[in-house]
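Student: File name input.txt; file contents compact mmCIF, C-alpha atoms; full text below.
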# COMPACT_ATOMS: atom_id res chain seq x y z
CA MET S 1 -63.68 -19.94 31.84
CA LEU S 2 -63.49 -20.25 28.05
CA ALA S 3 -65.16 -16.85 27.66
CA LEU S 4 -62.60 -15.26 30.00
CA ALA S 5 -59.73 -16.82 28.02
CA ARG S 6 -61.17 -15.46 24.76
CA LEU S 7 -61.59 -12.01 26.29
CA MET S 8 -57.99 -12.01 27.56
CA SER S 9 -56.74 -13.15 24.15
CA ALA S 10 -58.68 -10.38 22.39
CA LEU S 11 -57.31 -7.78 24.82
CA LEU S 12 -53.73 -8.95 24.28
CA ILE S 13 -54.14 -8.78 20.51
CA ALA S 14 -55.62 -5.26 20.72
CA LEU S 15 -52.82 -4.15 23.05
CA SER S 16 -50.12 -5.51 20.74
CA PHE S 17 -51.61 -3.56 17.80
CA SER S 18 -51.77 -0.34 19.80
CA ILE S 19 -48.16 -0.72 21.03
CA SER S 20 -46.79 -1.44 17.55
CA GLY S 21 -48.83 1.44 16.16
CA ALA S 22 -47.38 3.79 18.78
CA MET S 23 -43.82 2.76 17.95
CA ALA S 24 -44.21 2.77 14.20
CA HIS S 25 -44.64 6.11 12.58
CA ASP S 26 -43.68 5.87 8.96
CA TYR S 27 -44.99 8.03 6.14
CA SER S 28 -45.32 7.62 2.39
CA LYS S 29 -45.97 10.05 -0.42
CA GLY S 30 -45.62 9.05 -4.03
CA SER S 31 -42.51 6.91 -4.34
CA LEU S 32 -40.99 8.15 -1.07
CA HIS S 33 -41.10 6.24 2.21
CA ILE S 34 -40.08 8.13 5.38
CA GLU S 35 -39.15 6.03 8.39
CA HIS S 36 -39.31 6.95 12.09
CA PRO S 37 -38.60 10.69 12.44
CA TRP S 38 -36.97 11.22 15.84
CA SER S 39 -35.02 13.74 17.83
CA ARG S 40 -32.97 13.69 21.02
CA ALA S 41 -33.94 15.46 24.21
CA THR S 42 -32.00 18.68 24.74
CA PRO S 43 -30.65 20.15 27.97
CA LYS S 44 -32.29 23.27 29.43
CA GLY S 45 -30.95 26.37 27.75
CA ALA S 46 -29.97 24.60 24.52
CA SER S 47 -30.73 26.70 21.46
CA VAL S 48 -30.48 23.88 18.90
CA GLY S 49 -31.81 20.37 18.43
CA ALA S 50 -31.47 17.80 15.67
CA GLY S 51 -33.81 15.53 13.75
CA TYR S 52 -33.17 12.15 12.19
CA LEU S 53 -35.03 9.80 9.81
CA ILE S 54 -34.59 7.68 6.71
CA VAL S 55 -36.05 8.63 3.32
CA GLU S 56 -36.26 5.75 0.85
CA ASN S 57 -36.95 6.42 -2.83
CA ARG S 58 -38.91 3.45 -4.18
CA GLY S 59 -39.51 5.08 -7.55
CA ALA S 60 -37.72 5.32 -10.88
CA ASP S 61 -36.84 9.04 -10.64
CA ALA S 62 -34.62 10.95 -8.25
CA ASP S 63 -36.19 13.35 -5.77
CA ARG S 64 -34.64 15.88 -3.43
CA LEU S 65 -35.40 16.91 0.15
CA VAL S 66 -35.18 20.69 -0.28
CA SER S 67 -36.34 22.08 3.07
CA VAL S 68 -37.85 21.39 6.46
CA SER S 69 -40.07 23.56 8.62
CA VAL S 70 -41.36 23.29 12.18
CA PRO S 71 -44.02 25.27 14.05
CA ALA S 72 -42.84 28.59 15.52
CA GLU S 73 -43.51 27.32 19.05
CA ILE S 74 -40.81 24.64 18.53
CA ALA S 75 -37.99 26.55 16.81
CA GLY S 76 -37.26 29.76 14.94
CA ARG S 77 -36.14 27.85 11.86
CA ALA S 78 -35.04 24.45 10.60
CA GLU S 79 -32.31 23.52 8.13
CA ILE S 80 -30.82 20.49 6.42
CA HIS S 81 -27.22 19.89 7.56
CA GLU S 82 -24.35 17.47 7.25
CA MET S 83 -21.37 16.65 9.43
CA ALA S 84 -18.23 15.64 7.58
CA MET S 85 -14.49 15.39 8.16
CA GLN S 86 -12.63 18.24 6.50
CA ASP S 87 -8.86 18.56 6.94
CA GLY S 88 -9.00 16.24 9.96
CA VAL S 89 -11.71 18.30 11.67
CA MET S 90 -15.39 17.35 11.98
CA ARG S 91 -17.42 20.23 10.56
CA MET S 92 -21.12 20.86 10.33
CA ARG S 93 -22.60 22.86 7.48
CA PRO S 94 -26.02 23.60 6.05
CA LEU S 95 -26.98 22.05 2.71
CA PRO S 96 -28.89 24.83 0.92
CA ARG S 97 -29.53 22.55 -2.09
CA GLY S 98 -30.89 19.81 0.16
CA ILE S 99 -30.31 16.09 -0.22
CA GLU S 100 -30.86 14.12 -3.42
CA ILE S 101 -32.39 10.67 -3.04
CA ALA S 102 -31.58 8.58 -6.11
CA PRO S 103 -34.04 5.96 -7.39
CA GLY S 104 -33.86 2.76 -5.35
CA MET S 105 -31.66 4.46 -2.72
CA SER S 106 -32.12 5.83 0.80
CA ALA S 107 -30.91 8.97 2.55
CA ARG S 108 -30.11 8.19 6.19
CA LEU S 109 -30.31 11.25 8.41
CA GLU S 110 -28.60 10.15 11.62
CA PRO S 111 -26.20 11.40 14.30
CA GLY S 112 -22.75 12.19 12.91
CA GLY S 113 -23.88 12.60 9.30
CA LEU S 114 -26.80 14.09 7.43
CA HIS S 115 -29.42 15.52 9.81
CA LEU S 116 -31.99 18.25 10.33
CA MET S 117 -31.21 21.18 12.63
CA PHE S 118 -33.86 22.93 14.68
CA LEU S 119 -32.42 26.37 15.44
CA ASP S 120 -33.49 28.93 18.05
CA LEU S 121 -35.42 26.37 20.11
CA LYS S 122 -38.30 27.95 22.00
CA ARG S 123 -38.13 25.35 24.79
CA PRO S 124 -36.12 22.23 25.54
CA LEU S 125 -37.09 19.06 23.68
CA GLU S 126 -38.07 16.54 26.36
CA LYS S 127 -38.15 12.75 26.14
CA GLY S 128 -41.63 11.64 25.12
CA ASP S 129 -42.51 14.92 23.39
CA ARG S 130 -43.87 14.79 19.86
CA PHE S 131 -43.85 17.64 17.37
CA LYS S 132 -44.86 18.07 13.77
CA ALA S 133 -42.61 19.13 10.93
CA THR S 134 -43.06 19.51 7.21
CA LEU S 135 -40.53 18.01 4.83
CA ALA S 136 -40.56 19.60 1.37
CA PHE S 137 -39.45 17.49 -1.59
CA GLU S 138 -38.73 18.77 -5.09
CA LYS S 139 -41.11 16.30 -6.78
CA ALA S 140 -43.23 14.67 -4.09
CA GLY S 141 -44.10 18.02 -2.48
CA ALA S 142 -44.80 18.59 1.21
CA VAL S 143 -45.04 15.72 3.69
CA GLU S 144 -46.13 16.38 7.26
CA VAL S 145 -44.40 14.08 9.77
CA GLU S 146 -44.22 13.80 13.52
CA PHE S 147 -40.92 13.62 15.40
CA VAL S 148 -40.70 11.61 18.61
CA VAL S 149 -38.22 12.94 21.15
CA GLU S 150 -36.08 10.19 22.66
CA ALA S 151 -33.61 10.31 25.57
CA MET S 152 -30.37 12.30 25.39
CA GLY S 153 -27.62 10.10 23.98
CA SER S 154 -30.11 7.80 22.22
CA ALA S 155 -28.81 5.66 19.40
CA PRO S 156 -30.62 5.61 16.05
CA GLN S 157 -33.98 3.85 16.43
CA HIS S 158 -34.46 2.92 12.78
CA ASN S 159 -35.50 -0.59 11.80
CA MET S 160 -37.27 -1.34 15.08
CA GLY S 161 -39.52 -3.85 13.38
CA HIS S 162 -41.57 -1.35 11.45
As structure tokens, how would this structure be written, given the file I've shared?

Tutor:
Amino acid sequence: MLALARLMSALLIALSFSISGAMAHDYSKGSLHIEHPWSRATPKGASVGAGYLIVENRGADADRLVSVSVPAEIAGRAEIHEMAMQDGVMRMRPLPRGIEIAPGMSARLEPGGLHLMFLDLKRPLEKGDRFKATLAFEKAGAVEVEFVVEAMGSAPQHNMGH
């Protein structure tokens, strides 16, 4: 009976590590920490999708997210965008100079603000899908990340205990 209890305990511990590992997918390069890249599922026929994440600069020097790329089987191209109120109208525009991340600060890419756009989607993004992307930073260089596709209408999933 004691052996069975120990076995069950060991299995529960292993399962908890695998679940938390599946939920957490953060990345670090140099002084940058990238938290939970995610996207929303898209309806059939949609030609665009969006990507969200947080980039924290833990260093003493500013860095800049200058571009993003995704495999050709996901989208034709990817861009850095922002949504902002302009003359009482919400407008979306690309940011060709990227996003600066000051020392000790974070850039939050989330719905309704800064975000990544995946243009000319090759297929719908479906809940549970995962796809790779490369974030290019001015100083830190290229960082390969994986986006998790969550349900349509999902709220930001940052700070889920990881």

Student: Please list as a ChimeraX atom specification every residue within 12 Å of His81 in chain S, counting only C-alpha atoms and excluding residues in the same chain fewer than 5 positions away.

Tutor: /S:49-52,65-68,91-99,109-119

Student: Show me as a list in words the residues that reach within 8 Å of (-28.7, 13.5, 29.1), counting only C-alpha atoms and using the file's own coordinates.

Tutor: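 Neighbouring residues, ordered by chain and number, come to Ala41, Thr42, Pro43, Ala151, Met152 and Gly153 of chain S.
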
Student: Give me the residues near Pro124 in chain S as a short mmCIF file (atom, residue, chain, number, x, y, z; two decimals) with C-alpha atoms, keeping the file's coordinate frame, where near means some atom within 10 Å (using only C-alpha atoms) and where sequence neighbours in that chain fewer than 2 positions away do not count.

Tutor:
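Output (around-v2.cif):
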data_model
loop_
_atom_site.label_atom_id
_atom_site.label_comp_id
_atom_site.auth_asym_id
_atom_site.auth_seq_id
_atom_site.Cartn_x
_atom_site.Cartn_y
_atom_site.Cartn_z
CA ALA S 41 -33.94 15.46 24.21
CA THR S 42 -32.00 18.68 24.74
CA PRO S 43 -30.65 20.15 27.97
CA LYS S 44 -32.29 23.27 29.43
CA GLY S 45 -30.95 26.37 27.75
CA ALA S 46 -29.97 24.60 24.52
CA SER S 47 -30.73 26.70 21.46
CA VAL S 48 -30.48 23.88 18.90
CA GLY S 49 -31.81 20.37 18.43
CA ILE S 74 -40.81 24.64 18.53
CA ALA S 75 -37.99 26.55 16.81
CA LEU S 121 -35.42 26.37 20.11
CA LYS S 122 -38.30 27.95 22.00
CA GLU S 126 -38.07 16.54 26.36
CA LYS S 127 -38.15 12.75 26.14
CA ASP S 129 -42.51 14.92 23.39
#

Student: Let me know the centre plus edge lengths, in Å and rounded to one decimal, of a box with edges along x, y and z that contains all listed atoms of range 43-54 of chain S and is padded by 5 Å on every side, as JSON.

Tutor:
{"center_x": -32.5, "center_y": 17.2, "center_z": 18.1, "size_x": 15.1, "size_y": 29.0, "size_z": 32.7}

Student: Have a look at S:Asp61, S:Glu144, S:Glu73, S:Glu150 and name the one nearest to Arg130 in chain S; count all atoms listed in the file.

Tutor: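 Result for the nearest residue to Arg130 in chain S: S:Glu150.
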
Student: What does the distance from CA of Phe137 in chain S to CA of Arg64 in chain S come to in Å, to one decimal?

Tutor: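 Atom-to-atom, CA of Phe137 in chain S to CA of Arg64 in chain S, that is 5.4 Å.
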
Student: Would you mind listing what lies within 9 Å of Phe131 in chain S as a short mmCIF file (atom, residue, chain, number, x, y, z; two decimals) with C-alpha atoms, in the frame of the given file, with all atoms listed in the file counted and same-chain residues fewer than 4 positions away left out?

Tutor:
data_model
loop_
_atom_site.label_atom_id
_atom_site.label_comp_id
_atom_site.auth_asym_id
_atom_site.auth_seq_id
_atom_site.Cartn_x
_atom_site.Cartn_y
_atom_site.Cartn_z
CA VAL S 70 -41.36 23.29 12.18
CA PRO S 71 -44.02 25.27 14.05
CA ILE S 74 -40.81 24.64 18.53
CA VAL S 145 -44.40 14.08 9.77
CA GLU S 146 -44.22 13.80 13.52
CA PHE S 147 -40.92 13.62 15.40
CA VAL S 148 -40.70 11.61 18.61
CA VAL S 149 -38.22 12.94 21.15
#

Student: Can you measure CA of Arg58 in chain S to CA of Trp38 in chain S for me? One decimal in Å is fine.

Tutor: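 Atom-to-atom, CA of Arg58 in chain S and CA of Trp38 in chain S are spaced 21.6 Å apart.
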
Student: Go ahead and compute the interatomic distance for CA of Gly88 in chain S and CA of Ala102 in chain S, in Å to one decimal.

Tutor: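 Computing it gives 28.8 Å between the two atoms.
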
Student: Of the candidates S:Pro103, S:Ser69, S:Gly76, S:Tyr27, which one gets nearest to Ala136 in chain S if we count all atoms listed in the file?

Tutor: S:Ser69

Student: Using all atoms listed in the file, find all polymer residues with an atom at most 12 Å away from the point (-42.1, 14.1, -5.3); report them as an NGL selection string.

Tutor: :S and (28-33 or 55-66 or 100-103 or 135-143)

Student: Hey, which of S:Leu125, S:Ala107, S:Val89, S:Ala84 ends up closest to Arg40 in chain S? Count all atoms listed in the file.

Tutor: S:Leu125
